[in-house]
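> The structure that follows is given in the form of structure tokens.
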Amino acid sequence: MNVSASLTPFNSPTQDSLPMILDTLPDPAIASKTCPRRTRLQIDLILLAIEALELGGSEAILAFAQELDLKGIVKDRVNLWRMRSSNPLRRAHMRRPLTIMEAKALVVIACYIARRLTVVIRQLLMICQQMEEKQIPLEQNLRLSNYLERFRAHFKSRMNARRSGVLALTSDEKLDALAINLLGQLLFCTGTAGMQRFWISLFDGEVE
């Protein structure tokens with residue numbers, strides 16, 4: 001009997017068993033094996049934008065975890081919620097770390113969903129640009145208005161209004177600006193080496 005193998009926790013994937021797709025994202029040059037605050041926040045927000053883009057977004061995240069062989073990391077809805085609750089702005093913020101491996105899995109899933117939604121994301125950004133150029137209120141476009149409304153609802157229901165980072169986003173205008181900025185980030189993820197570039201951007205200023 002292999003003693004070292006018997007000591008490996010059943011729910012903890014070993015380095016050898018990790019999906020190869022995670023190897024496409026480099027390990028950040030940080031001392032800790034867990035994600036900094038800003039990284040945790042940004043990953044949760046990009047997933048929030050995905051949920052606002054399409055109904056059943058959380059189900060899509062779990063479905064892609066299965067499809068991409070990442071169920072060993074993103075196991076189920078509760079496990080996903082715990083990972084996302086590492087975002088310090090959340091109402092249900094949990095003082096648990098988000099490991100680099102978990103962050104990689106969430107970023108891979110987000111980028112694959114973004115690729116599937118590339119046409120929708122591009123269209124919404126184009127509509128937004130055209131309406132701003134013509135100085136037409138964004139809510140006058142039904143598709144864009146629906147996305148912005150869902151994003152605001154998700155943000156307000158899940159984030160802690162007493163946190164300073166949330167207090168800075170109290171108005172609908174600021175939340176709309178954040179939602180549109182996240183659309184731009186999602187489109188960025190779909191470009192050439194977009195997944196790798198987005199991943200590296202999450203650690204800007206954190207690398208030692």
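Residues are referred to by chain and number: the chain letter is A, B, ... according to the order shown in the structure tokens, the number counts from 1 in that chain, and ligands are numbered separately from 1 in the order shown.
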Could you tell me, as a PyMOL selection string, which residues of chain A DSSP assigns to helix (DSSP H, G or I) when given the backbone?

chain A and resi 3-6+15-17+20-24+37-53+57-67+77-84+100-116+118-133+138-140+142-158+164-167+172-189+194-201

> Set the distance at 7 Å and use only C-alpha atoms: which residues neighbour region 180-190 of chain A once local chain neighbours fewer than 4 positions away are removed? I'd like the list as a short mmCIF file (atom, residue, chain, number, x, y, z; two decimals) with C-alpha atoms, in the first residue's frame.


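This is the output file result.cif:
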```
data_model
loop_
_atom_site.label_atom_id
_atom_site.label_comp_id
_atom_site.auth_asym_id
_atom_site.auth_seq_id
_atom_site.Cartn_x
_atom_site.Cartn_y
_atom_site.Cartn_z
CA ILE A 46 -16.74 38.81 -13.92
CA ALA A 49 -21.60 39.85 -15.28
CA CYS A 111 -13.42 32.70 -20.44
CA ALA A 114 -17.40 34.48 -22.68
CA ARG A 115 -16.29 32.87 -25.95
CA THR A 118 -18.86 36.70 -27.91
CA ILE A 121 -21.12 40.81 -25.73
CA ARG A 122 -19.86 42.55 -28.89
CA ASP A 176 -24.12 50.60 -15.01
CA GLY A 194 -7.26 36.53 -23.93
CA MET A 195 -7.58 33.99 -21.14
CA PHE A 198 -6.89 38.35 -18.34
#
```

> Using only C-alpha atoms, which residue out of A:Ile21, A:Ala105, A:Leu68, A:Arg37 lies closest to Gly205 (chain A)?

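Once distances to Gly205 (chain A) are computed over only C-alpha atoms, the minimum belongs to A:Arg37.
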
> Set the distance at 10 Å and use only C-alpha atoms: which residues neighbour region 142-148 of chain A once local chain neighbours fewer than 3 positions away are removed? I'd like the list as JSON, numbers by chain.

{"A": [49, 50, 51, 52, 53, 54, 120, 123, 124, 125, 127, 128, 137, 138, 139, 151, 152, 153, 154, 172, 173, 175, 176, 177, 178, 179, 180]}
